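> My structure is below; once you've seen it, I'll send some questions.
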Amino acid sequence: MSPAVLPVVTRFAPSPTGLLHLGSAYSALVAWTRAREAGGRFLVRIEDTDVRRCRRDYETAILQDLKWLGLNWDGEVRRQSDHFSDYGHELDRLSRRGLVYPCFCSRAKIAREIAASAAAPHGPSVGPDGPLYPGTCRDLTPAERKRRIAAGREFCMRLDSARAAAAVGPYDFVDEDRGRIAGQPLLMGDFVIARKDTPISYHLAVTVDDHLQGVSLVTRGEDILPSTHAHVLLQRLQGYATPLYAHHGLIADPTGRRLAKRDKDLTIRSLRESGVGPEEVRRRALAAVGRQA
């Protein structure tokens, strides 16, 4: 008997901090197409854990634009802010294993630490987004951590990446275009898992959601590829299955600058208001990365 073939489940997970633009529409189109071609499911998730910047009116506008583009989704939209308890449960699991620790450093202090380490022979550790957190609070004693928390010191929670790497051992993941990629558990350093103003980080929330929603194929921009190393590390720590990944190219303007939410003239809303139809928007998105409609 041949093994059962699992259904393809993709997702599009925008943050409602602005209107949907052509680059994000392309990302949604890729995920939608892959699911529909395979007879699978296309999910929409609203990643609104950053309660300071996310707005419900942007969420409404994004969903309206997706419907206008013809990118219908399956099931209910999952809004992350409705599921903080799911993420808190997983954070507690990691904490009980001694894999996370409170960090009391301000951004200014971290910047000073990094500047000071630049003068050292080895220099600061550098990740894909610049110098990594130097681990200042990693080795505080349990008593000192309790004292600072009791004193009302603000803190965030960071993953102890070295301990996490030791816990899971070597790992890898598969990208459709790049093949099998060896995991680099220290690539993102001791990244933030949770903080006061953002109850849970993108990194933890996305791994929990992909697991709970049964996502089997993650399609997203190639700029997120470094974060995938951290996400697969978290998947292994939590005992989750690792999906297949497909990191696609990004849409850029004629100067080569990546499109962003600040590009108001290329939002789906502005294109709609200028009289451009949904089929033409989809064609432009595909053409911008060298694909045919």
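Scheme for the structure tokens: letters A, B, ... for chains in order shown; per-chain residue numbers from 1; ligand numbers from 1 in order shown.
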Would you return as an MDAnalysis selection string the members of region 44-212 of chain A that DSSP assigns to strand (DSSP E) on this structure's backbone?
chainID A and resid 44:46 78:79 100:103 126:127 130:131 156:159 172:175 179:182 192:194
> Just N, CA, C and O atoms for this one: save the residues we selected as a JSON list (two decimals), in the first residue's frame.

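The resulting again18.json:
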[["chain", "number", "residue", "atom", "x", "y", "z"],
["A", 44, "VAL", "N", -5.84, 32.20, 5.75],
["A", 44, "VAL", "CA", -5.43, 33.57, 6.01],
["A", 44, "VAL", "C", -5.32, 33.75, 7.52],
["A", 44, "VAL", "O", -6.23, 33.36, 8.27],
["A", 45, "ARG", "N", -4.21, 34.31, 7.94],
["A", 45, "ARG", "CA", -3.93, 34.56, 9.35],
["A", 45, "ARG", "C", -3.54, 36.02, 9.53],
["A", 45, "ARG", "O", -2.74, 36.55, 8.75],
["A", 46, "ILE", "N", -4.08, 36.68, 10.53],
["A", 46, "ILE", "CA", -3.72, 38.06, 10.81],
["A", 46, "ILE", "C", -2.72, 38.07, 11.96],
["A", 46, "ILE", "O", -3.03, 37.68, 13.08],
["A", 78, "ARG", "N", -7.66, 33.37, 11.23],
["A", 78, "ARG", "CA", -7.11, 33.27, 12.58],
["A", 78, "ARG", "C", -6.42, 34.59, 12.92],
["A", 78, "ARG", "O", -5.51, 35.01, 12.22],
["A", 79, "ARG", "N", -6.87, 35.21, 13.99],
["A", 79, "ARG", "CA", -6.29, 36.45, 14.45],
["A", 79, "ARG", "C", -5.42, 36.15, 15.68],
["A", 79, "ARG", "O", -5.90, 35.66, 16.70],
["A", 100, "VAL", "N", 14.66, 29.63, 28.09],
["A", 100, "VAL", "CA", 14.46, 31.07, 27.93],
["A", 100, "VAL", "C", 14.90, 31.76, 29.22],
["A", 100, "VAL", "O", 14.95, 31.14, 30.28],
["A", 101, "TYR", "N", 15.21, 33.04, 29.10],
["A", 101, "TYR", "CA", 15.63, 33.79, 30.28],
["A", 101, "TYR", "C", 15.19, 35.24, 30.17],
["A", 101, "TYR", "O", 15.02, 35.76, 29.06],
["A", 102, "PRO", "N", 14.98, 35.91, 31.31],
["A", 102, "PRO", "CA", 14.58, 37.32, 31.27],
["A", 102, "PRO", "C", 15.79, 38.20, 30.97],
["A", 102, "PRO", "O", 16.87, 38.00, 31.50],
["A", 103, "CYS", "N", 15.57, 39.18, 30.10],
["A", 103, "CYS", "CA", 16.62, 40.13, 29.75],
["A", 103, "CYS", "C", 16.15, 41.52, 30.17],
["A", 103, "CYS", "O", 15.08, 41.97, 29.77],
["A", 126, "VAL", "N", 27.63, 38.87, 14.65],
["A", 126, "VAL", "CA", 26.78, 39.53, 13.68],
["A", 126, "VAL", "C", 25.84, 38.52, 13.03],
["A", 126, "VAL", "O", 26.25, 37.42, 12.65],
["A", 127, "GLY", "N", 24.56, 38.89, 12.93],
["A", 127, "GLY", "CA", 23.55, 38.07, 12.28],
["A", 127, "GLY", "C", 23.09, 38.73, 11.00],
["A", 127, "GLY", "O", 23.66, 39.73, 10.55],
["A", 130, "GLY", "N", 22.35, 42.45, 11.48],
["A", 130, "GLY", "CA", 23.34, 43.26, 12.18],
["A", 130, "GLY", "C", 23.84, 42.59, 13.44],
["A", 130, "GLY", "O", 23.65, 41.38, 13.64],
["A", 131, "PRO", "N", 24.52, 43.34, 14.33],
["A", 131, "PRO", "CA", 25.09, 42.75, 15.55],
["A", 131, "PRO", "C", 24.03, 42.07, 16.41],
["A", 131, "PRO", "O", 22.91, 42.57, 16.56],
["A", 156, "CYS", "N", 12.29, 41.55, 28.88],
["A", 156, "CYS", "CA", 11.73, 40.71, 27.82],
["A", 156, "CYS", "C", 12.24, 39.30, 28.06],
["A", 156, "CYS", "O", 13.09, 39.08, 28.92],
["A", 157, "MET", "N", 11.73, 38.35, 27.32],
["A", 157, "MET", "CA", 12.19, 36.97, 27.42],
["A", 157, "MET", "C", 12.94, 36.61, 26.14],
["A", 157, "MET", "O", 12.46, 36.89, 25.04],
["A", 158, "ARG", "N", 14.13, 36.04, 26.29],
["A", 158, "ARG", "CA", 14.94, 35.64, 25.15],
["A", 158, "ARG", "C", 15.17, 34.12, 25.16],
["A", 158, "ARG", "O", 15.24, 33.50, 26.23],
["A", 159, "LEU", "N", 15.30, 33.57, 23.97],
["A", 159, "LEU", "CA", 15.67, 32.17, 23.85],
["A", 159, "LEU", "C", 17.16, 32.03, 24.05],
["A", 159, "LEU", "O", 17.95, 32.79, 23.48],
["A", 172, "ASP", "N", 17.92, 20.25, 9.87],
["A", 172, "ASP", "CA", 17.88, 20.88, 8.55],
["A", 172, "ASP", "C", 16.43, 21.09, 8.15],
["A", 172, "ASP", "O", 15.49, 20.65, 8.83],
["A", 173, "PHE", "N", 16.24, 21.75, 7.02],
["A", 173, "PHE", "CA", 14.92, 21.94, 6.43],
["A", 173, "PHE", "C", 15.09, 22.00, 4.93],
["A", 173, "PHE", "O", 16.21, 22.14, 4.41],
["A", 174, "VAL", "N", 13.97, 21.89, 4.21],
["A", 174, "VAL", "CA", 14.03, 21.85, 2.75],
["A", 174, "VAL", "C", 13.33, 23.07, 2.17],
["A", 174, "VAL", "O", 12.19, 23.39, 2.53],
["A", 175, "ASP", "N", 14.04, 23.76, 1.30],
["A", 175, "ASP", "CA", 13.48, 24.83, 0.49],
["A", 175, "ASP", "C", 13.37, 24.30, -0.94],
["A", 175, "ASP", "O", 14.30, 23.68, -1.45],
["A", 179, "GLY", "N", 16.99, 23.47, -2.06],
["A", 179, "GLY", "CA", 17.28, 22.13, -1.58],
["A", 179, "GLY", "C", 17.34, 22.04, -0.06],
["A", 179, "GLY", "O", 16.80, 22.88, 0.65],
["A", 180, "ARG", "N", 18.03, 21.02, 0.41],
["A", 180, "ARG", "CA", 18.15, 20.82, 1.85],
["A", 180, "ARG", "C", 19.17, 21.80, 2.44],
["A", 180, "ARG", "O", 20.28, 21.91, 1.93],
["A", 181, "ILE", "N", 18.76, 22.48, 3.50],
["A", 181, "ILE", "CA", 19.60, 23.51, 4.11],
["A", 181, "ILE", "C", 19.91, 23.12, 5.54],
["A", 181, "ILE", "O", 19.00, 22.81, 6.32],
["A", 182, "ALA", "N", 21.17, 23.11, 5.90],
["A", 182, "ALA", "CA", 21.57, 22.80, 7.27],
["A", 182, "ALA", "C", 21.16, 23.94, 8.19],
["A", 182, "ALA", "O", 21.43, 25.12, 7.91],
["A", 192, "VAL", "N", 14.42, 37.61, 20.87],
["A", 192, "VAL", "CA", 13.33, 37.87, 21.81],
["A", 192, "VAL", "C", 12.16, 36.95, 21.53],
["A", 192, "VAL", "O", 11.72, 36.79, 20.39],
["A", 193, "ILE", "N", 11.65, 36.34, 22.59],
["A", 193, "ILE", "CA", 10.48, 35.46, 22.52],
["A", 193, "ILE", "C", 9.21, 36.22, 22.92],
["A", 193, "ILE", "O", 8.13, 36.00, 22.39],
["A", 194, "ALA", "N", 9.33, 37.11, 23.89],
["A", 194, "ALA", "CA", 8.18, 37.89, 24.37],
["A", 194, "ALA", "C", 8.68, 39.15, 25.05],
["A", 194, "ALA", "O", 9.79, 39.18, 25.58]]
> Identify which of the residues A:Pro142, A:Gly18, A:Gly277, A:Pro199 lies closest to Arg56 (chain A), counting only C-alpha atoms when measuring atom-to-atom distances.
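For Arg56 (chain A), the nearest of the candidates is A:Gly18.
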> Would you list the contacts of Ile268 (chain A) as an MDAnalysis selection string, taking every protein, DNA or RNA residue within 7 Å and counting only C-alpha atoms, but skipping same-chain residues closer than 4 positions in sequence?
chainID A and resid 20:22 65 272
> With a distance cut-off of 8 Å and only C-alpha atoms, select the neighbouring residues of region 105-109 of chain A, excluding the residue or stretch itself and same-chain residues fewer than 6 positions from it, and output the selection as a ChimeraX atom specification.
/A:136-137,155
> Just to be explicit: take each residue in the selection above, keep N, CA, C and O atoms, and write the result as a short mmCIF file (atom, residue, chain, number, x, y, z; two decimals), in the first residue's frame.

data_model
loop_
_atom_site.label_atom_id
_atom_site.label_comp_id
_atom_site.auth_asym_id
_atom_site.auth_seq_id
_atom_site.Cartn_x
_atom_site.Cartn_y
_atom_site.Cartn_z
N THR A 136 24.18 39.67 27.65
CA THR A 136 24.50 40.31 28.92
C THR A 136 23.76 39.67 30.10
O THR A 136 24.34 39.47 31.17
N CYS A 137 22.49 39.35 29.92
CA CYS A 137 21.67 38.83 31.03
C CYS A 137 21.60 37.30 31.06
O CYS A 137 20.95 36.73 31.94
N PHE A 155 11.41 43.79 31.58
CA PHE A 155 12.26 42.78 30.93
C PHE A 155 11.51 42.16 29.76
O PHE A 155 10.28 42.24 29.66
#
> Just checking: using only C-alpha atoms, which residue out of A:Ala230, A:Ile149, A:Leu204, A:Ala116 ends up closest to Ala162 (chain A)?
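The answer is A:Ala230, which sits nearest to Ala162 (chain A).
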> Would you compute the distance between CA of Arg153 (chain A) and CA of Phe104 (chain A)? Give it in Å to one decimal.
6.9 Å
> What's the 10 Å shell around Phe12 (chain A), counting only C-alpha atoms, without same-chain residues fewer than 6 positions away, as a list in words?
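The neighbour list is Ser24, Ala25, Ser27, Ala28, Leu29, Val30, Ala31, Trp32, Phe42, Leu43, Val44, Arg45, Ile46, Glu47, Trp73, Val218, Thr219 and Arg220 of chain A.
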> Could you state the separation of CA of Asp209 (chain A) and CA of Trp68 (chain A) in Å, given to one decimal place?
25.8 Å
> Mind pulling up the distance from CA of Leu94 (chain A) to CA of Gln80 (chain A)?
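For CA of Gln80 (chain A) relative to CA of Leu94 (chain A), the distance reads 19.5 Å.
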> Measuring atom to atom with only C-alpha atoms, identify which of A:Pro170, A:Gly152, A:Pro278, A:Gly249 is nearest to Arg236 (chain A).
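Ranked by minimum distance to Arg236 (chain A), first place goes to A:Pro170.
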> Identify which of the residues A:Gly221, A:Gly239, A:Gly214, A:Gly275 lies closest to Glu90 (chain A), counting only C-alpha atoms when measuring atom-to-atom distances.
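Residue with the minimum atom-to-atom distance to Glu90 (chain A): A:Gly239.
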> If you run DSSP on the backbone, which residues of region 86-246 of chain A are alpha helix (DSSP H), as a PyMOL selection string?
chain A and resi 86-96+107-117+142-150+161-168+202-212+225-238
